[in-house]
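I have placed the structure first, in the form of structure tokens, so that the comments after it can refer back to it.
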Amino acid sequence: MIDLPLVFAALMGLAMLMYVVLDGYDLGVGMLMPAADAREQELMVSSIGPFWDANETWLVLGVGILLVAFPVAHGTVLGALYLPVAWMLIGLMLRGVAFEFRVKAEGWHRELWNNLFWFGSFLASFAQGFMLGRYITGFHAGFGYTVFSLLVGASLCGGYVLLGATWLILKTQGVLQGKAIAWARWGLAWVALAVALVSLATPLVSESVQMKWFDFPRTLALMLLPVATLGAGWRVWASTGRLKRGESQPDWVPFAAAVTIFVLAFAGLAYSLFPFVIIDRMTIWEAAAHPSSLRFMLAGVIVVLPFLVAYTAFAYRVFRGKARPGLYE
Amino acid sequence: MIVEMDTSDVLLLARAQFGLNIGFHILFPSLTIALGWILLYFRIRYARSGDPGWLATYKLWTKVFALSFAMGVVSGITMSFQFGTNWPGFMLKVGNIAGPLLAYEVLTAFFLEATFLGIMLFGMNRVPGWMHVFASAMVAIGTTLSAFWILALNSWMQTPAGHVVQGGQIIAGDWWQVLFNPSFPFRFTHMLLASGLTASFVVAGLSAWRMLRAPGDASARATLRTGLVLAAVLAPVQALVGDQHGLNTLEHQPAKIAAIEAIWKTEKSVPLVLFAIPDEDRRRNDFAIEIPKGASLFLKHDGDAEVRGIDAFWPDAAPVAPVFFAFRAMVGLGVLMLAAAWGGAWATRGGRVPPRRMLWVLSGFTFSGWAATLCGWLVTEIGRQPWLVTGILRTADAAGAASGAQLGASLTGYVITYAAMFLAYLVVLTHLAGKGAQP
């Protein structure tokens, strides 16, 4: 008999990770808009145009699995995050429609939608970071916790900027690529802050997390995670450095290294939290839906997932290579 | 007493917020479901003829589609969160049914339409022609599949079937019965036709708007005709299906029919109320205009038959006035739309250009499908109150822990955002339509 809650916890984790990485880069590109001129902005938007919609669908899937597979946790989590969820949704709405409207608008209207696109991307990213901060501190109330969550919010914005900038390194060339290299190095500093904050906070907030991390000799094996994260961070720094100096360097390396940072950080977080869906309060088995529902859904996942992966890969293949201007013409 | 008032206010805020969101959201899918198929038709016309006119037409309507789709996506993401934030009791009680249906929608429909939309919008020069036609078809199939799952869930909430109770929880006994519950076939067909009518009136209305500015525009003339013919065919079919849907409701949700027809007392030979002001407090109709024995004849096909009134279900009865008026508005709009579609189809026969007055009228009908859909939605959703899931879960028992202040603050945010988005949407739509298809 397979452990259905475990399977769905893994699926939910996968969906959330996919969301953070995929929508992360397009939110990051959105936040970088004000730093570019009008012609560059067109290229930036072109580079994410075919993808943003499907990227956001991973969020719906992640929240959907939380809702569907862990209904008991869903109410508690979203109830505690009620207001930041509302900010995030308003942010996602603004940027989603600004995407469509800015192309069709002219003059100051277009400028307005550009600003809303930037603002929506920022608001959504910040709210997600804030929610992460609240989540890993077990939704405790208090001034210190709020400040902490605000810091995580700011640093996640930096993390998305890193993803967005390295995506632009991959998808653009020339002056814009040069700018993106500088943005990526700046974003990397923020990611370091984010990873440090989250890594330090989880053991401080929860004793069970602390025990998992400081349990010799397992700790030594676990140290591979932070070491690998540092390695990936170094890879971003070194590869962007080589690109900056004009040395030969494949343009996908910084993006791959940035994604690696997110995957490793996510793995660390997953290790800390498991088997809790709400830290120290509720495990995945306590929160799980009835096995009959989970089985019915799993059947669908098994059938649909290969197709989903195949046509997503196909879409990325169709739009491979450098972004071209005039995507919308 | 104070506590009681407070909770009912919070419930009202939670309902207002969700109602606003879902009412806003429903506009866009109800346009895009059918518009996806109309686009596929334009795309195939271009693939077969190679006529650049069809290509320009396809591109123009793709823009309208993309815009509407984005509006639907962003308001839909909001909804997926509000299920949890506003109605945690819903998931606790019936999550084992509702959850998988929503998950299947995401898995089978959302990814399909979102991914292929990228190729459809931006990939025309990057993939072979057949692949682009295929992508357009996938988008249309995706939007329709999405409607299938959502309507299955909504119908199950209206007429639950196939479930069993186990330890206070509702779980599925037979998924087939859950999906194809008694009202599903009628509701799904009714909704697809509503979408067809909504899209065809938007296409016809915006094309008429363009023709007022550029009477010689061949693309606008072609799409005007497409929209009108489609509407002329679908409108009478919708009348028939709507009637069948009503009879199905009478069988499975008689309380809703009592509210729709404002029948307060269970009686024989019940008159059909054409118009009245329902008085909730005294449970009677004022200023009623009635057809004697009409309701008995209409609902039971026997003028002397007994029809159950609100009193048979009291106190579990829906508020009568909103259901009664929304139903009449829906039917009235439907009749007007039928007349407009037939009149328009006649006036454009054999490539004729309709007179300007008619173009103005058709422009005025652009969003008639939306208005009728919203009215129908109000009828069916208010009509099932006080139940969220008929006989299983009351709306009041599903509300969440969000405070009135939180709900109020976020509701204000949503109202402002939606109003701005909607205004911008209308401005862009009129602008696009006014410019017409660009070769």
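A note on labels: chains of the structure tokens are A, B, ... as shown, every chain counts residues from 1, and ligands are counted from 1 in their shown order.
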
* With a distance cut-off of 8 Å and only C-alpha atoms, select the neighbouring residues of Gly142 of chain B, excluding the residue or stretch itself and same-chain residues fewer than 5 positions from it, and output the selection as a list in words. => Thr108, Ala109, Phe110, Leu112 and Glu113 of chain B

Those residues you just picked out, can you put them in a file as a PDB file, in the first residue's frame with all heavy atoms?
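Produced file part.pdb, reproduced below:
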```pdb
ATOM      1  N   THR B 108      -6.005  18.833 -16.179  1.00  0.00           N
ATOM      2  CA  THR B 108      -6.363  18.524 -17.562  1.00  0.00           C
ATOM      3  C   THR B 108      -6.618  19.769 -18.394  1.00  0.00           C
ATOM      4  O   THR B 108      -6.465  19.736 -19.606  1.00  0.00           O
ATOM      5  CB  THR B 108      -7.627  17.645 -17.634  1.00  0.00           C
ATOM      6  OG1 THR B 108      -8.708  18.353 -17.024  1.00  0.00           O
ATOM      7  CG2 THR B 108      -7.435  16.334 -16.916  1.00  0.00           C
ATOM      8  N   ALA B 109      -7.031  20.860 -17.755  1.00  0.00           N
ATOM      9  CA  ALA B 109      -7.450  22.016 -18.550  1.00  0.00           C
ATOM     10  C   ALA B 109      -6.495  23.195 -18.453  1.00  0.00           C
ATOM     11  O   ALA B 109      -6.059  23.732 -19.468  1.00  0.00           O
ATOM     12  CB  ALA B 109      -8.852  22.447 -18.132  1.00  0.00           C
ATOM     13  N   PHE B 110      -6.131  23.616 -17.233  1.00  0.00           N
ATOM     14  CA  PHE B 110      -5.385  24.870 -17.083  1.00  0.00           C
ATOM     15  C   PHE B 110      -4.034  24.835 -17.782  1.00  0.00           C
ATOM     16  O   PHE B 110      -3.657  25.759 -18.501  1.00  0.00           O
ATOM     17  CB  PHE B 110      -5.180  25.204 -15.608  1.00  0.00           C
ATOM     18  CG  PHE B 110      -6.397  25.733 -14.933  1.00  0.00           C
ATOM     19  CD1 PHE B 110      -6.394  26.032 -13.582  1.00  0.00           C
ATOM     20  CD2 PHE B 110      -7.559  25.947 -15.648  1.00  0.00           C
ATOM     21  CE1 PHE B 110      -7.522  26.516 -12.952  1.00  0.00           C
ATOM     22  CE2 PHE B 110      -8.693  26.427 -15.030  1.00  0.00           C
ATOM     23  CZ  PHE B 110      -8.667  26.714 -13.672  1.00  0.00           C
ATOM     24  N   LEU B 112      -3.050  22.816 -20.115  1.00  0.00           N
ATOM     25  CA  LEU B 112      -3.250  22.645 -21.548  1.00  0.00           C
ATOM     26  C   LEU B 112      -3.495  23.993 -22.212  1.00  0.00           C
ATOM     27  O   LEU B 112      -2.814  24.379 -23.168  1.00  0.00           O
ATOM     28  CB  LEU B 112      -4.439  21.707 -21.775  1.00  0.00           C
ATOM     29  CG  LEU B 112      -4.630  21.147 -23.169  1.00  0.00           C
ATOM     30  CD1 LEU B 112      -3.551  20.123 -23.457  1.00  0.00           C
ATOM     31  CD2 LEU B 112      -6.008  20.503 -23.311  1.00  0.00           C
ATOM     32  N   GLU B 113      -4.476  24.735 -21.683  1.00  0.00           N
ATOM     33  CA  GLU B 113      -4.823  25.988 -22.347  1.00  0.00           C
ATOM     34  C   GLU B 113      -3.719  27.029 -22.181  1.00  0.00           C
ATOM     35  O   GLU B 113      -3.382  27.731 -23.133  1.00  0.00           O
ATOM     36  CB  GLU B 113      -6.195  26.516 -21.886  1.00  0.00           C
ATOM     37  CG  GLU B 113      -6.359  26.635 -20.393  1.00  0.00           C
ATOM     38  CD  GLU B 113      -7.813  26.872 -19.970  1.00  0.00           C
ATOM     39  OE1 GLU B 113      -8.709  26.753 -20.807  1.00  0.00           O
ATOM     40  OE2 GLU B 113      -8.028  27.175 -18.790  1.00  0.00           O
TER      41      GLU B 113
END
```

* Selection: 12 Å around Gln249 of chain A, only C-alpha atoms, excl. self and same-chain fewer than 3 positions, as a PyMOL selection string -> chain A and resi 169-170+235-236+238-246+252-254

For C-alpha atoms, I'd like the residues from the last selection saved as an mmCIF file, in the first residue's frame.
```cif
data_model
loop_
_atom_site.group_PDB
_atom_site.id
_atom_site.type_symbol
_atom_site.label_atom_id
_atom_site.label_comp_id
_atom_site.auth_asym_id
_atom_site.auth_seq_id
_atom_site.Cartn_x
_atom_site.Cartn_y
_atom_site.Cartn_z
ATOM 1 C CA ILE A 169 21.301 36.678 -19.685
ATOM 2 C CA LEU A 170 20.087 33.502 -21.364
ATOM 3 C CA ARG A 235 29.039 29.582 -9.839
ATOM 4 C CA VAL A 236 26.639 32.482 -10.462
ATOM 5 C CA ALA A 238 32.095 33.413 -11.386
ATOM 6 C CA SER A 239 30.106 32.779 -14.571
ATOM 7 C CA THR A 240 28.631 36.283 -14.642
ATOM 8 C CA GLY A 241 32.142 37.594 -14.009
ATOM 9 C CA ARG A 242 33.453 35.728 -17.045
ATOM 10 C CA LEU A 243 30.561 36.987 -19.181
ATOM 11 C CA LYS A 244 31.268 40.521 -17.984
ATOM 12 C CA ARG A 245 34.900 40.272 -19.017
ATOM 13 C CA GLY A 246 33.807 38.848 -22.374
ATOM 14 C CA TRP A 252 22.703 29.292 -19.653
ATOM 15 C CA VAL A 253 25.121 28.661 -16.786
ATOM 16 C CA PRO A 254 24.128 31.593 -14.535
#
```

* Asked: Taking only C-alpha atoms into account, what are the residues of chain B at most 7 Å from chain A, put as JSON, numbers by chain?
  -> {"B": [67, 70, 71, 74, 75, 77, 78, 80, 84, 85, 88, 91, 92, 95, 96, 99, 100, 103, 104, 106, 107, 108, 110, 111, 114, 115, 118, 119, 122, 126, 401, 402, 406, 410]}

N, CA, C and O atoms of the current selection, written as a compact mmCIF listing (two decimals), in the first residue's frame:
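As a result, again_8.txt now contains:
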```txt
# COMPACT_ATOMS: atom_id res chain seq x y z
N LEU B 67 -6.75 38.90 -24.15
CA LEU B 67 -7.11 39.88 -23.12
C LEU B 67 -8.13 39.29 -22.16
O LEU B 67 -7.98 39.35 -20.93
N ALA B 70 -6.62 36.47 -20.03
CA ALA B 70 -5.79 36.95 -18.92
C ALA B 70 -6.67 37.42 -17.76
O ALA B 70 -6.38 37.15 -16.60
N MET B 71 -7.77 38.10 -18.09
CA MET B 71 -8.68 38.54 -17.03
C MET B 71 -9.24 37.33 -16.29
O MET B 71 -9.39 37.34 -15.07
N VAL B 74 -6.37 35.66 -13.98
CA VAL B 74 -6.01 36.33 -12.73
C VAL B 74 -7.16 36.29 -11.72
O VAL B 74 -6.93 36.08 -10.52
N SER B 75 -8.39 36.42 -12.20
CA SER B 75 -9.50 36.36 -11.24
C SER B 75 -9.72 34.91 -10.80
O SER B 75 -10.20 34.65 -9.70
N ILE B 77 -7.24 32.65 -10.34
CA ILE B 77 -6.23 32.35 -9.31
C ILE B 77 -6.75 32.85 -7.96
O ILE B 77 -6.67 32.17 -6.95
N THR B 78 -7.31 34.06 -7.98
CA THR B 78 -7.88 34.62 -6.75
C THR B 78 -8.92 33.68 -6.17
O THR B 78 -8.95 33.43 -4.97
N SER B 80 -9.19 30.46 -6.51
CA SER B 80 -8.66 29.21 -5.97
C SER B 80 -8.19 29.43 -4.53
O SER B 80 -8.18 28.49 -3.73
N GLY B 84 -10.44 28.54 0.10
CA GLY B 84 -9.89 28.24 1.41
C GLY B 84 -10.07 29.37 2.41
O GLY B 84 -10.42 29.13 3.57
N THR B 85 -9.83 30.61 1.95
CA THR B 85 -9.86 31.70 2.92
C THR B 85 -11.29 32.05 3.33
O THR B 85 -11.52 32.40 4.47
N PRO B 88 -13.58 27.78 4.51
CA PRO B 88 -12.86 26.59 4.97
C PRO B 88 -13.79 25.43 5.31
O PRO B 88 -13.45 24.28 5.11
N MET B 91 -14.42 22.96 2.39
CA MET B 91 -13.43 21.93 2.11
C MET B 91 -13.42 20.87 3.20
O MET B 91 -13.19 19.70 2.92
N LEU B 92 -13.66 21.29 4.44
CA LEU B 92 -13.66 20.30 5.51
C LEU B 92 -14.76 19.29 5.32
O LEU B 92 -14.58 18.10 5.54
N GLY B 95 -14.66 18.44 0.95
CA GLY B 95 -13.39 18.54 0.23
C GLY B 95 -13.02 17.27 -0.53
O GLY B 95 -12.37 17.32 -1.56
N ASN B 96 -13.48 16.12 0.00
CA ASN B 96 -13.13 14.87 -0.66
C ASN B 96 -13.84 14.70 -2.00
O ASN B 96 -13.46 13.86 -2.81
N GLY B 99 -12.51 18.67 -3.99
CA GLY B 99 -11.07 18.76 -4.23
C GLY B 99 -10.62 18.08 -5.50
O GLY B 99 -10.02 18.71 -6.37
N PRO B 100 -10.90 16.76 -5.63
CA PRO B 100 -10.44 16.09 -6.85
C PRO B 100 -10.99 16.71 -8.13
O PRO B 100 -10.28 16.80 -9.13
N ALA B 103 -8.93 19.66 -8.78
CA ALA B 103 -7.58 19.24 -9.17
C ALA B 103 -7.55 18.76 -10.62
O ALA B 103 -6.63 19.06 -11.37
N TYR B 104 -8.60 18.03 -11.00
CA TYR B 104 -8.66 17.56 -12.39
C TYR B 104 -8.78 18.73 -13.36
O TYR B 104 -8.26 18.68 -14.47
N VAL B 106 -7.40 21.70 -12.98
CA VAL B 106 -6.06 22.27 -13.12
C VAL B 106 -5.21 21.37 -14.01
O VAL B 106 -4.55 21.82 -14.95
N LEU B 107 -5.24 20.06 -13.71
CA LEU B 107 -4.36 19.13 -14.41
C LEU B 107 -4.71 18.99 -15.89
O LEU B 107 -3.83 19.00 -16.75
N THR B 108 -6.00 18.83 -16.18
CA THR B 108 -6.36 18.52 -17.56
C THR B 108 -6.62 19.77 -18.39
O THR B 108 -6.47 19.74 -19.61
N PHE B 110 -6.13 23.62 -17.23
CA PHE B 110 -5.39 24.87 -17.08
C PHE B 110 -4.03 24.83 -17.78
O PHE B 110 -3.66 25.76 -18.50
N PHE B 111 -3.29 23.76 -17.53
CA PHE B 111 -1.97 23.69 -18.14
C PHE B 111 -2.08 23.60 -19.65
O PHE B 111 -1.32 24.23 -20.38
N ALA B 114 -3.11 27.09 -20.99
CA ALA B 114 -2.09 28.12 -20.77
C ALA B 114 -0.87 27.88 -21.65
O ALA B 114 -0.31 28.81 -22.24
N THR B 115 -0.44 26.62 -21.76
CA THR B 115 0.76 26.32 -22.53
C THR B 115 0.52 26.53 -24.03
O THR B 115 1.32 27.16 -24.72
N GLY B 118 0.32 30.11 -25.33
CA GLY B 118 1.60 30.73 -25.66
C GLY B 118 1.98 30.48 -27.12
O GLY B 118 2.37 31.39 -27.85
N ILE B 119 1.81 29.21 -27.54
CA ILE B 119 2.15 28.87 -28.93
C ILE B 119 1.17 29.53 -29.90
O ILE B 119 1.53 30.06 -30.94
N PHE B 122 2.00 33.48 -29.87
CA PHE B 122 3.33 33.98 -30.26
C PHE B 122 4.08 33.03 -31.18
O PHE B 122 5.19 33.34 -31.58
N ARG B 126 6.90 30.23 -35.71
CA ARG B 126 7.91 29.31 -35.18
C ARG B 126 7.52 27.85 -35.33
O ARG B 126 8.36 26.98 -35.15
N ALA B 401 -12.77 31.94 9.35
CA ALA B 401 -12.42 32.64 10.58
C ALA B 401 -11.95 34.06 10.32
O ALA B 401 -11.61 34.77 11.25
N ALA B 402 -11.90 34.46 9.06
CA ALA B 402 -11.42 35.81 8.75
C ALA B 402 -12.31 36.82 9.45
O ALA B 402 -13.53 36.66 9.51
N GLN B 406 -10.64 42.21 8.28
CA GLN B 406 -9.83 41.65 7.20
C GLN B 406 -10.63 41.55 5.92
O GLN B 406 -10.17 41.92 4.84
N SER B 410 -9.84 43.68 2.52
CA SER B 410 -9.49 43.03 1.26
C SER B 410 -10.60 43.22 0.23
O SER B 410 -10.33 43.37 -0.95
```

Would you mind listing what lies within 12 Å of Thr32 of chain B as a PDB file with N, CA and C atoms, in the first residue's frame, with only C-alpha atoms counted and same-chain residues fewer than 6 positions away left out?
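Output saved as result26.pdb:
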```
ATOM      1  N   HIS B  25     -15.318  36.848 -12.346  1.00  0.00           N
ATOM      2  CA  HIS B  25     -14.584  35.794 -13.060  1.00  0.00           C
ATOM      3  C   HIS B  25     -15.431  35.162 -14.156  1.00  0.00           C
ATOM      4  N   ILE B  26     -16.691  34.877 -13.848  1.00  0.00           N
ATOM      5  CA  ILE B  26     -17.530  34.107 -14.769  1.00  0.00           C
ATOM      6  C   ILE B  26     -17.682  34.811 -16.125  1.00  0.00           C
ATOM      7  N   ILE B  38     -14.646  29.668 -31.921  1.00  0.00           N
ATOM      8  CA  ILE B  38     -14.824  30.590 -33.049  1.00  0.00           C
ATOM      9  C   ILE B  38     -13.462  30.922 -33.664  1.00  0.00           C
ATOM     10  N   LEU B  39     -12.442  31.113 -32.798  1.00  0.00           N
ATOM     11  CA  LEU B  39     -11.088  31.380 -33.284  1.00  0.00           C
ATOM     12  C   LEU B  39     -10.569  30.216 -34.107  1.00  0.00           C
ATOM     13  N   LEU B  40     -10.836  29.004 -33.614  1.00  0.00           N
ATOM     14  CA  LEU B  40     -10.389  27.823 -34.352  1.00  0.00           C
ATOM     15  C   LEU B  40     -11.017  27.815 -35.744  1.00  0.00           C
ATOM     16  N   TRP B  61      -9.104  38.799 -33.383  1.00  0.00           N
ATOM     17  CA  TRP B  61      -9.906  38.146 -32.348  1.00  0.00           C
ATOM     18  C   TRP B  61      -9.052  37.372 -31.372  1.00  0.00           C
ATOM     19  N   THR B  62      -7.829  37.007 -31.821  1.00  0.00           N
ATOM     20  CA  THR B  62      -6.888  36.410 -30.881  1.00  0.00           C
ATOM     21  C   THR B  62      -6.535  37.405 -29.784  1.00  0.00           C
ATOM     22  N   LYS B  63      -6.414  38.681 -30.184  1.00  0.00           N
ATOM     23  CA  LYS B  63      -6.097  39.708 -29.184  1.00  0.00           C
ATOM     24  C   LYS B  63      -7.224  39.832 -28.175  1.00  0.00           C
ATOM     25  N   VAL B  64      -8.454  39.846 -28.671  1.00  0.00           N
ATOM     26  CA  VAL B  64      -9.606  39.920 -27.760  1.00  0.00           C
ATOM     27  C   VAL B  64      -9.592  38.710 -26.831  1.00  0.00           C
ATOM     28  N   PHE B  65      -9.288  37.543 -27.405  1.00  0.00           N
ATOM     29  CA  PHE B  65      -9.260  36.315 -26.625  1.00  0.00           C
ATOM     30  C   PHE B  65      -8.189  36.391 -25.543  1.00  0.00           C
ATOM     31  N   ALA B  66      -6.975  36.804 -25.937  1.00  0.00           N
ATOM     32  CA  ALA B  66      -5.859  36.840 -24.988  1.00  0.00           C
ATOM     33  C   ALA B  66      -6.179  37.759 -23.817  1.00  0.00           C
ATOM     34  N   LEU B  67      -6.748  38.902 -24.155  1.00  0.00           N
ATOM     35  CA  LEU B  67      -7.106  39.877 -23.125  1.00  0.00           C
ATOM     36  C   LEU B  67      -8.129  39.285 -22.161  1.00  0.00           C
ATOM     37  N   SER B  68      -9.162  38.668 -22.704  1.00  0.00           N
ATOM     38  CA  SER B  68     -10.222  38.101 -21.863  1.00  0.00           C
ATOM     39  C   SER B  68      -9.684  36.921 -21.069  1.00  0.00           C
ATOM     40  N   PHE B  69      -8.818  36.149 -21.712  1.00  0.00           N
ATOM     41  CA  PHE B  69      -8.256  34.983 -21.044  1.00  0.00           C
ATOM     42  C   PHE B  69      -7.426  35.415 -19.839  1.00  0.00           C
ATOM     43  N   ALA B  70      -6.616  36.468 -20.031  1.00  0.00           N
ATOM     44  CA  ALA B  70      -5.791  36.953 -18.918  1.00  0.00           C
ATOM     45  C   ALA B  70      -6.674  37.416 -17.763  1.00  0.00           C
ATOM     46  N   MET B  71      -7.768  38.097 -18.094  1.00  0.00           N
ATOM     47  CA  MET B  71      -8.685  38.543 -17.034  1.00  0.00           C
ATOM     48  C   MET B  71      -9.244  37.334 -16.293  1.00  0.00           C
ATOM     49  N   GLY B  72      -9.569  36.285 -17.051  1.00  0.00           N
ATOM     50  CA  GLY B  72     -10.094  35.068 -16.435  1.00  0.00           C
ATOM     51  C   GLY B  72      -9.058  34.369 -15.571  1.00  0.00           C
ATOM     52  N   VAL B  73      -7.823  34.327 -16.049  1.00  0.00           N
ATOM     53  CA  VAL B  73      -6.762  33.647 -15.292  1.00  0.00           C
ATOM     54  C   VAL B  73      -6.543  34.335 -13.952  1.00  0.00           C
ATOM     55  N   GLU B 113      -4.476  24.735 -21.683  1.00  0.00           N
ATOM     56  CA  GLU B 113      -4.823  25.988 -22.347  1.00  0.00           C
ATOM     57  C   GLU B 113      -3.719  27.029 -22.181  1.00  0.00           C
ATOM     58  N   LEU B 117      -1.762  28.275 -25.374  1.00  0.00           N
ATOM     59  CA  LEU B 117      -2.063  29.678 -25.672  1.00  0.00           C
ATOM     60  C   LEU B 117      -0.782  30.423 -26.043  1.00  0.00           C
ATOM     61  N   VAL B 139      -6.334  24.865 -27.185  1.00  0.00           N
ATOM     62  CA  VAL B 139      -6.825  25.951 -26.337  1.00  0.00           C
ATOM     63  C   VAL B 139      -8.350  25.854 -26.209  1.00  0.00           C
ATOM     64  N   ALA B 140      -9.020  25.621 -27.340  1.00  0.00           N
ATOM     65  CA  ALA B 140     -10.482  25.518 -27.306  1.00  0.00           C
ATOM     66  C   ALA B 140     -10.916  24.316 -26.470  1.00  0.00           C
ATOM     67  N   ILE B 141     -10.233  23.175 -26.657  1.00  0.00           N
ATOM     68  CA  ILE B 141     -10.579  21.985 -25.875  1.00  0.00           C
ATOM     69  C   ILE B 141     -10.324  22.241 -24.390  1.00  0.00           C
ATOM     70  N   GLY B 142      -9.206  22.908 -24.093  1.00  0.00           N
ATOM     71  CA  GLY B 142      -8.871  23.203 -22.701  1.00  0.00           C
ATOM     72  C   GLY B 142      -9.946  24.023 -22.013  1.00  0.00           C
ATOM     73  N   THR B 143     -10.420  25.096 -22.674  1.00  0.00           N
ATOM     74  CA  THR B 143     -11.431  25.939 -22.034  1.00  0.00           C
ATOM     75  C   THR B 143     -12.716  25.146 -21.807  1.00  0.00           C
ATOM     76  N   THR B 144     -13.046  24.261 -22.746  1.00  0.00           N
ATOM     77  CA  THR B 144     -14.285  23.494 -22.610  1.00  0.00           C
ATOM     78  C   THR B 144     -14.164  22.439 -21.500  1.00  0.00           C
ATOM     79  N   SER B 146     -12.321  22.705 -18.919  1.00  0.00           N
ATOM     80  CA  SER B 146     -12.387  23.478 -17.691  1.00  0.00           C
ATOM     81  C   SER B 146     -13.847  23.651 -17.266  1.00  0.00           C
ATOM     82  N   ALA B 147     -14.678  24.009 -18.239  1.00  0.00           N
ATOM     83  CA  ALA B 147     -16.104  24.180 -17.943  1.00  0.00           C
ATOM     84  C   ALA B 147     -16.713  22.860 -17.484  1.00  0.00           C
ATOM     85  N   LEU B 192     -22.721  25.901 -21.782  1.00  0.00           N
ATOM     86  CA  LEU B 192     -21.994  25.965 -23.059  1.00  0.00           C
ATOM     87  C   LEU B 192     -22.752  26.818 -24.063  1.00  0.00           C
ATOM     88  N   ALA B 194     -24.838  29.187 -23.282  1.00  0.00           N
ATOM     89  CA  ALA B 194     -24.722  30.574 -22.806  1.00  0.00           C
ATOM     90  C   ALA B 194     -23.403  31.169 -23.274  1.00  0.00           C
ATOM     91  N   SER B 195     -22.348  30.358 -23.210  1.00  0.00           N
ATOM     92  CA  SER B 195     -21.053  30.843 -23.678  1.00  0.00           C
ATOM     93  C   SER B 195     -21.096  31.109 -25.180  1.00  0.00           C
ATOM     94  N   GLY B 196     -21.721  30.194 -25.918  1.00  0.00           N
ATOM     95  CA  GLY B 196     -21.834  30.388 -27.365  1.00  0.00           C
ATOM     96  C   GLY B 196     -22.556  31.685 -27.686  1.00  0.00           C
ATOM     97  N   LEU B 197     -23.635  31.952 -26.970  1.00  0.00           N
ATOM     98  CA  LEU B 197     -24.391  33.176 -27.220  1.00  0.00           C
ATOM     99  C   LEU B 197     -23.589  34.400 -26.799  1.00  0.00           C
ATOM    100  N   THR B 198     -22.923  34.309 -25.639  1.00  0.00           N
ATOM    101  CA  THR B 198     -22.119  35.437 -25.171  1.00  0.00           C
ATOM    102  C   THR B 198     -21.070  35.795 -26.212  1.00  0.00           C
ATOM    103  N   ALA B 199     -20.335  34.770 -26.661  1.00  0.00           N
ATOM    104  CA  ALA B 199     -19.255  35.032 -27.621  1.00  0.00           C
ATOM    105  C   ALA B 199     -19.810  35.525 -28.951  1.00  0.00           C
ATOM    106  N   SER B 200     -20.915  34.918 -29.420  1.00  0.00           N
ATOM    107  CA  SER B 200     -21.391  35.336 -30.738  1.00  0.00           C
ATOM    108  C   SER B 200     -21.914  36.772 -30.697  1.00  0.00           C
ATOM    109  N   VAL B 202     -20.738  39.114 -28.649  1.00  0.00           N
ATOM    110  CA  VAL B 202     -19.557  39.977 -28.560  1.00  0.00           C
ATOM    111  C   VAL B 202     -18.939  40.140 -29.945  1.00  0.00           C
ATOM    112  N   VAL B 203     -18.816  39.024 -30.681  1.00  0.00           N
ATOM    113  CA  VAL B 203     -18.240  39.094 -32.028  1.00  0.00           C
ATOM    114  C   VAL B 203     -19.115  39.972 -32.927  1.00  0.00           C
ATOM    115  N   TRP B 370     -23.389  38.479 -21.406  1.00  0.00           N
ATOM    116  CA  TRP B 370     -22.877  38.607 -20.041  1.00  0.00           C
ATOM    117  C   TRP B 370     -24.004  38.883 -19.069  1.00  0.00           C
TER     118      TRP B 370
END
```

* Option closest in space to Glu207 of chain A, from A:Gly144, A:Thr166, A:Leu273, A:Gly187 [counting only C-alpha atoms] -> A:Leu273
